[in-house]
Amino acid sequence: MALKSDAIRYGSVARTMHWVTAVAILAMVGSGLAAEGASGEPGAVNILRFHAVTGVAVLALTLLRILWWVFADRRPAETAATPRWQARAAHAVHYALYIVVILLGGSGIATIVLSGAGEVLVGASTGPLPEFEGIVPRGPHGLFAWLLIGLVALHVAAAAYHQVVLKDRLLGRMGLGRA
């Protein structure tokens with residue numbers, strides 16, 4: 001398996017970053033929802049700690065992916081059967097995913113910094129977590145999270161459509177079956 005992408009499939013670096021990011025996003029969304037539900041409970045610190053670390057990892061991987069695409073690799077060509085509108089929609093969703101992840105990371109970091117929760121999360125303080133509701137970036141962080149969930153659902157639905165309805169083996173480009 002080549003490190004870089006060719007005309008048909010994504011390379012191993014792009015595939016690895018994609019699937020690790022996908023799993024981390026699922027963990028981040030799950031832990032974010034769990035943290036919201038555990039607000040004020042003793043276990044909330046550990047949930048939020050996991051969420052913050054996973055969120056920073058997703059942000060770092062996303063920035064690394066962007067740098068990889070800009071400086072080191074190119075995406076495979078569109079399949080001949082893909083209508084132009086569909087290719088444009090796919091690119092728009094991918095760019096939106098990158099932008100939303102960056103906004104989520106920024107708003108999450110800003111929420112932690114402005115709330116003072118960083119000291120509790122790194123163990124420098126044993127006090128309870130502060131209230132996040134009055135922290136300005138907290139509101140957009142929640143909205144971006146729901147937007148990310150919607151974009152991921154759209155991305156997965158499009159991949160399933162290609163695999164099940166069109167049967168064009170598009171998922172083979174990302175290492176799931178033959179391309």
# chains A, B, ... in the order shown; residues from 1 in each chain; ligands from 1
call {"tool": "residues_around", "arguments": {"residues": "A:Arg173", "least_positions_apart": "4", "cutoff": "10 Å", "atoms": "only C-alpha atoms", "output": "list of chain:residue names"}}
result
A:Ser5, A:Asp6, A:Ala7, A:Ile8, A:Arg9, A:Tyr10, A:Gly11, A:Arg15, A:Pro76, A:Arg169, A:Gly177, A:Arg178, A:Ala179
call {"tool": "residues_around", "arguments": {"residues": "stretch 54-60 of chain A", "least_positions_apart": "2", "cutoff": "7 Å", "atoms": "only C-alpha atoms", "output": "ChimeraX atom specification"}}
result
/A:21,24-25,28,50-52,62-64,101-102,105
call {"tool": "select_by_dssp", "arguments": {"residues": "stretch 7-178 of chain A", "states": "alpha helix (DSSP H)", "output": "ChimeraX atom specification"}}
result
/A:12-37,44-71,84-115,118-121,138-160
call {"tool": "residues_around", "arguments": {"residues": "stretch 91-96 of chain A", "least_positions_apart": "6", "cutoff": "9 Å", "atoms": "only C-alpha atoms", "output": "VMD selection string"}}
result
chain A and resid 148 151 to 152 154 to 155
call {"tool": "closest_residue", "arguments": {"among": "A:Glu119, A:Leu26, A:Ala145, A:Lys4", "to": "A:Trp68", "atoms": "only C-alpha atoms"}}
result
A:Lys4
call {"tool": "closest_residue", "arguments": {"among": "A:Leu129, A:Met17, A:Val136, A:Ala157", "to": "A:Ala35", "atoms": "only C-alpha atoms"}}
result
A:Leu129
call {"tool": "atom_distance", "arguments": {"atom1": "atom CA of A:Asp168", "atom2": "atom CA of A:Ile99"}}
result
28.3 Å
call {"tool": "atom_distance", "arguments": {"atom1": "atom CA of A:Gly37", "atom2": "atom CA of A:Pro137"}}
result
18.9 Å
call {"tool": "residues_around", "arguments": {"residues": "A:Gly118", "least_positions_apart": "4", "cutoff": "12 Å", "atoms": "only C-alpha atoms", "output": "list in words"}}
result
Val45, Leu48, Arg49, Ala52, Val53, Gly108, Ile109, Ala110, Thr111, Ile112, Val113, Leu114, Val122, Gly123, Ala124, Ser125, Thr126, Gly127, Pro128, Leu129 and Pro130 of chain A
call {"tool": "atom_distance", "arguments": {"atom1": "atom CA of A:Ala117", "atom2": "atom CA of A:Glu131"}}
result
9.0 Å
call {"tool": "residues_around", "arguments": {"residues": "A:His18", "least_positions_apart": "2", "cutoff": "9 Å", "atoms": "only C-alpha atoms", "output": "PDB file with N, CA, C and O atoms, in the first residue's frame"}}
result
ATOM      1  N   VAL A  13      -1.409   6.992   4.248  1.00  0.00           N
ATOM      2  CA  VAL A  13      -1.392   8.117   5.191  1.00  0.00           C
ATOM      3  C   VAL A  13      -2.772   8.766   5.261  1.00  0.00           C
ATOM      4  O   VAL A  13      -3.313   8.991   6.350  1.00  0.00           O
ATOM      5  N   ALA A  14      -3.360   9.059   4.102  1.00  0.00           N
ATOM      6  CA  ALA A  14      -4.695   9.679   4.065  1.00  0.00           C
ATOM      7  C   ALA A  14      -5.746   8.761   4.683  1.00  0.00           C
ATOM      8  O   ALA A  14      -6.602   9.214   5.451  1.00  0.00           O
ATOM      9  N   ARG A  15      -5.683   7.470   4.366  1.00  0.00           N
ATOM     10  CA  ARG A  15      -6.649   6.517   4.933  1.00  0.00           C
ATOM     11  C   ARG A  15      -6.531   6.437   6.448  1.00  0.00           C
ATOM     12  O   ARG A  15      -7.537   6.446   7.159  1.00  0.00           O
ATOM     13  N   THR A  16      -5.305   6.337   6.933  1.00  0.00           N
ATOM     14  CA  THR A  16      -5.102   6.231   8.381  1.00  0.00           C
ATOM     15  C   THR A  16      -5.619   7.472   9.089  1.00  0.00           C
ATOM     16  O   THR A  16      -6.336   7.367  10.094  1.00  0.00           O
ATOM     17  N   VAL A  20      -8.734   7.151  11.766  1.00  0.00           N
ATOM     18  CA  VAL A  20      -8.433   7.527  13.164  1.00  0.00           C
ATOM     19  C   VAL A  20      -9.269   8.741  13.551  1.00  0.00           C
ATOM     20  O   VAL A  20      -9.844   8.793  14.646  1.00  0.00           O
ATOM     21  N   THR A  21      -9.373   9.715  12.643  1.00  0.00           N
ATOM     22  CA  THR A  21     -10.199  10.899  12.914  1.00  0.00           C
ATOM     23  C   THR A  21     -11.662  10.502  13.078  1.00  0.00           C
ATOM     24  O   THR A  21     -12.346  11.004  13.977  1.00  0.00           O
ATOM     25  N   ALA A  22     -12.139   9.605  12.237  1.00  0.00           N
ATOM     26  CA  ALA A  22     -13.550   9.174  12.320  1.00  0.00           C
ATOM     27  C   ALA A  22     -13.852   8.547  13.677  1.00  0.00           C
ATOM     28  O   ALA A  22     -14.861   8.890  14.323  1.00  0.00           O
ATOM     29  N   VAL A  23     -12.989   7.640  14.121  1.00  0.00           N
ATOM     30  CA  VAL A  23     -13.193   6.998  15.427  1.00  0.00           C
ATOM     31  C   VAL A  23     -13.102   8.036  16.546  1.00  0.00           C
ATOM     32  O   VAL A  23     -13.919   8.033  17.478  1.00  0.00           O
ATOM     33  N   LEU A  61      -5.182  16.311  14.176  1.00  0.00           N
ATOM     34  CA  LEU A  61      -5.255  15.427  13.006  1.00  0.00           C
ATOM     35  C   LEU A  61      -5.863  16.137  11.801  1.00  0.00           C
ATOM     36  O   LEU A  61      -5.412  15.947  10.665  1.00  0.00           O
ATOM     37  N   THR A  62      -6.865  16.963  12.046  1.00  0.00           N
ATOM     38  CA  THR A  62      -7.497  17.694  10.950  1.00  0.00           C
ATOM     39  C   THR A  62      -6.525  18.690  10.342  1.00  0.00           C
ATOM     40  O   THR A  62      -6.422  18.799   9.111  1.00  0.00           O
ATOM     41  N   ARG A  65      -4.086  16.755   8.349  1.00  0.00           N
ATOM     42  CA  ARG A  65      -4.680  16.314   7.084  1.00  0.00           C
ATOM     43  C   ARG A  65      -4.682  17.436   6.062  1.00  0.00           C
ATOM     44  O   ARG A  65      -4.385  17.218   4.881  1.00  0.00           O
ATOM     45  N   MET A 174     -11.114   4.159   0.108  1.00  0.00           N
ATOM     46  CA  MET A 174     -10.707   4.416   1.485  1.00  0.00           C
ATOM     47  C   MET A 174     -10.334   3.119   2.216  1.00  0.00           C
ATOM     48  O   MET A 174     -10.276   3.074   3.415  1.00  0.00           O
TER      49      MET A 174
END
